[in-house]
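Visitor: Please find one structure pasted underneath; my questions will follow.
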Amino acid sequence: MKNLAQFVKENRQRVKLTQEEFAARSGVALTVIRKIEQGKGNLNLDKVNQVLRMFGHELAPVSSRALHAAHQTTETS
């Protein structure tokens, strides 16, 4: 599974955009794109989702119970 930094960088490069162009198109500051691609912590979820929506994705909180149940399901499949 790709982490957030890899996902954003690979998809940005796939559509042939510089960090500056991608920041402008996604409506966030260049520093947000740089922080995401460098794997920095303390990111604003709203800003991350603005970026991810460019690729048709979004992050959302998931309870630990739901994660555990999903993990159990994939192990038995």
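Residues are referred to by chain and number: the chain letter is A, B, ... according to the order shown in the structure tokens, the number counts from 1 in that chain, and ligands are numbered separately from 1 in the order shown.
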List the spatial neighbours of region 55-58 of chain A as a PDB file with C-alpha atoms, in the first residue's frame - criterion: any atom at most 12 Å away, only C-alpha atoms, same-chain residues fewer than 6 positions off excluded.
Guide:
ATOM      1  CA  LEU A   4       0.153   9.559   1.177  1.00  0.00           C
ATOM      2  CA  PHE A   7       0.475   8.615  -3.831  1.00  0.00           C
ATOM      3  CA  VAL A   8       0.396  12.387  -4.286  1.00  0.00           C
ATOM      4  CA  LYS A   9       3.849  12.662  -5.849  1.00  0.00           C
ATOM      5  CA  GLU A  10       3.356   9.772  -8.283  1.00  0.00           C
ATOM      6  CA  ASN A  11      -0.069  10.976  -9.375  1.00  0.00           C
ATOM      7  CA  ARG A  12       1.097  14.588  -9.729  1.00  0.00           C
ATOM      8  CA  ARG A  14       1.689  11.147 -13.901  1.00  0.00           C
ATOM      9  CA  VAL A  15      -0.390  14.159 -14.941  1.00  0.00           C
ATOM     10  CA  PHE A  22      -0.443  21.353  -8.886  1.00  0.00           C
ATOM     11  CA  ARG A  25      -4.855  23.842  -9.592  1.00  0.00           C
ATOM     12  CA  SER A  26      -5.760  22.221  -6.280  1.00  0.00           C
ATOM     13  CA  LEU A  45      -6.960  17.274   6.861  1.00  0.00           C
ATOM     14  CA  ASP A  46      -9.021  19.793   4.877  1.00  0.00           C
ATOM     15  CA  LYS A  47      -5.941  20.808   2.863  1.00  0.00           C
ATOM     16  CA  VAL A  48      -4.925  17.179   2.312  1.00  0.00           C
ATOM     17  CA  ASN A  49      -8.428  16.402   1.060  1.00  0.00           C
TER      18      ASN A  49
END
Visitor: Could you please write out, as an MDAnalysis selection string, every residue of chain A that DSSP assigns to helix (DSSP H, G or I)?
Guide: chainID A and resid 4:14 19:26 30:37 45:55 64:76
Visitor: Can you write just those residues out, N, CA and C atoms, as a compact mmCIF listing (two decimals), in the first residue's frame?
Guide:
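See out-v4.txt below for the written result:
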# COMPACT_ATOMS: atom_id res chain seq x y z
N LEU A 4 0.70 8.33 1.73
CA LEU A 4 0.15 9.56 1.18
C LEU A 4 1.18 10.30 0.32
N ALA A 5 2.40 10.41 0.80
CA ALA A 5 3.44 11.14 0.07
C ALA A 5 3.69 10.52 -1.30
N GLN A 6 3.83 9.21 -1.34
CA GLN A 6 4.07 8.51 -2.61
C GLN A 6 2.88 8.69 -3.55
N PHE A 7 1.68 8.52 -3.01
CA PHE A 7 0.47 8.61 -3.83
C PHE A 7 0.38 9.98 -4.51
N VAL A 8 0.54 11.03 -3.73
CA VAL A 8 0.40 12.39 -4.29
C VAL A 8 1.50 12.67 -5.30
N LYS A 9 2.74 12.37 -4.94
CA LYS A 9 3.85 12.66 -5.85
C LYS A 9 3.73 11.88 -7.16
N GLU A 10 3.46 10.59 -7.07
CA GLU A 10 3.36 9.77 -8.28
C GLU A 10 2.21 10.22 -9.17
N ASN A 11 1.08 10.53 -8.58
CA ASN A 11 -0.07 10.98 -9.38
C ASN A 11 0.14 12.37 -9.95
N ARG A 12 0.78 13.25 -9.20
CA ARG A 12 1.10 14.59 -9.73
C ARG A 12 2.03 14.46 -10.93
N GLN A 13 3.05 13.62 -10.80
CA GLN A 13 3.99 13.43 -11.90
C GLN A 13 3.33 12.75 -13.10
N ARG A 14 2.40 11.84 -12.83
CA ARG A 14 1.69 11.15 -13.90
C ARG A 14 0.93 12.12 -14.79
N GLN A 19 5.10 20.92 -8.86
CA GLN A 19 4.47 21.18 -7.56
C GLN A 19 3.74 22.51 -7.58
N GLU A 20 4.33 23.50 -8.21
CA GLU A 20 3.73 24.83 -8.28
C GLU A 20 2.41 24.79 -9.04
N GLU A 21 2.41 24.12 -10.20
CA GLU A 21 1.19 24.02 -11.00
C GLU A 21 0.10 23.24 -10.26
N PHE A 22 0.51 22.18 -9.60
CA PHE A 22 -0.44 21.35 -8.89
C PHE A 22 -1.05 22.12 -7.72
N ALA A 23 -0.23 22.87 -7.00
CA ALA A 23 -0.73 23.68 -5.89
C ALA A 23 -1.77 24.67 -6.39
N ALA A 24 -1.47 25.33 -7.49
CA ALA A 24 -2.41 26.32 -8.04
C ALA A 24 -3.72 25.66 -8.46
N ARG A 25 -3.64 24.52 -9.12
CA ARG A 25 -4.86 23.84 -9.59
C ARG A 25 -5.69 23.27 -8.46
N SER A 26 -5.01 22.82 -7.39
CA SER A 26 -5.76 22.22 -6.28
C SER A 26 -6.22 23.26 -5.26
N LEU A 30 1.82 26.15 -2.11
CA LEU A 30 2.92 25.29 -2.53
C LEU A 30 3.51 24.55 -1.33
N THR A 31 3.58 25.21 -0.18
CA THR A 31 4.13 24.56 1.01
C THR A 31 3.33 23.34 1.42
N VAL A 32 2.02 23.35 1.18
CA VAL A 32 1.18 22.19 1.51
C VAL A 32 1.58 21.00 0.65
N ILE A 33 1.75 21.22 -0.65
CA ILE A 33 2.16 20.14 -1.55
C ILE A 33 3.53 19.61 -1.13
N ARG A 34 4.44 20.50 -0.85
CA ARG A 34 5.79 20.08 -0.44
C ARG A 34 5.76 19.27 0.85
N LYS A 35 4.99 19.72 1.83
CA LYS A 35 4.89 18.99 3.09
C LYS A 35 4.30 17.60 2.89
N ILE A 36 3.26 17.50 2.07
CA ILE A 36 2.65 16.20 1.81
C ILE A 36 3.66 15.28 1.15
N GLU A 37 4.32 15.75 0.09
CA GLU A 37 5.24 14.90 -0.66
C GLU A 37 6.49 14.54 0.14
N LEU A 45 -6.19 18.26 7.61
CA LEU A 45 -6.96 17.27 6.86
C LEU A 45 -7.75 17.92 5.73
N ASP A 46 -8.28 19.11 5.94
CA ASP A 46 -9.02 19.79 4.88
C ASP A 46 -8.13 20.08 3.68
N LYS A 47 -6.89 20.52 3.95
CA LYS A 47 -5.94 20.81 2.86
C LYS A 47 -5.53 19.53 2.16
N VAL A 48 -5.28 18.46 2.91
CA VAL A 48 -4.93 17.18 2.31
C VAL A 48 -6.06 16.71 1.41
N ASN A 49 -7.29 16.83 1.87
CA ASN A 49 -8.43 16.40 1.06
C ASN A 49 -8.61 17.25 -0.18
N GLN A 50 -8.28 18.53 -0.12
CA GLN A 50 -8.33 19.37 -1.31
C GLN A 50 -7.40 18.80 -2.38
N VAL A 51 -6.22 18.37 -1.95
CA VAL A 51 -5.25 17.79 -2.86
C VAL A 51 -5.74 16.44 -3.38
N LEU A 52 -6.20 15.58 -2.49
CA LEU A 52 -6.63 14.23 -2.88
C LEU A 52 -7.84 14.25 -3.81
N ARG A 53 -8.70 15.24 -3.67
CA ARG A 53 -9.87 15.32 -4.53
C ARG A 53 -9.49 15.51 -6.00
N MET A 54 -8.29 16.02 -6.24
CA MET A 54 -7.81 16.16 -7.62
C MET A 54 -7.70 14.78 -8.28
N PHE A 55 -7.55 13.74 -7.48
CA PHE A 55 -7.42 12.37 -7.99
C PHE A 55 -8.65 11.52 -7.65
N SER A 64 -11.06 2.68 15.25
CA SER A 64 -10.16 1.54 15.37
C SER A 64 -10.94 0.23 15.25
N ARG A 65 -12.18 0.21 15.68
CA ARG A 65 -13.02 -0.98 15.57
C ARG A 65 -13.26 -1.32 14.09
N ALA A 66 -13.54 -0.32 13.29
CA ALA A 66 -13.77 -0.55 11.86
C ALA A 66 -12.50 -1.01 11.17
N LEU A 67 -11.37 -0.42 11.55
CA LEU A 67 -10.09 -0.87 10.98
C LEU A 67 -9.81 -2.32 11.32
N HIS A 68 -10.05 -2.68 12.56
CA HIS A 68 -9.81 -4.05 12.99
C HIS A 68 -10.72 -5.02 12.22
N ALA A 69 -11.98 -4.65 12.07
CA ALA A 69 -12.92 -5.50 11.34
C ALA A 69 -12.50 -5.66 9.88
N ALA A 70 -12.06 -4.58 9.27
CA ALA A 70 -11.61 -4.63 7.87
C ALA A 70 -10.37 -5.50 7.74
N HIS A 71 -9.48 -5.38 8.69
CA HIS A 71 -8.26 -6.20 8.69
C HIS A 71 -8.60 -7.67 8.82
N GLN A 72 -9.53 -7.99 9.68
CA GLN A 72 -9.95 -9.38 9.87
C GLN A 72 -10.56 -9.93 8.59
N THR A 73 -11.33 -9.12 7.90
CA THR A 73 -11.99 -9.54 6.67
C THR A 73 -10.96 -9.86 5.59
N THR A 74 -9.94 -9.01 5.47
CA THR A 74 -8.92 -9.24 4.42
C THR A 74 -8.05 -10.44 4.74
N GLU A 75 -7.87 -10.75 6.00
CA GLU A 75 -7.06 -11.91 6.37
C GLU A 75 -7.77 -13.22 6.05
N THR A 76 -9.09 -13.22 6.13
CA THR A 76 -9.85 -14.45 5.89
C THR A 76 -10.22 -14.61 4.42
Visitor: Using only C-alpha atoms, which residue out of A:Gly27, A:Lys16, A:Gln38, A:Asn44 lies closest to Leu59 (chain A)?
Guide: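 Ranked by minimum distance to Leu59 (chain A), first place goes to A:Asn44.
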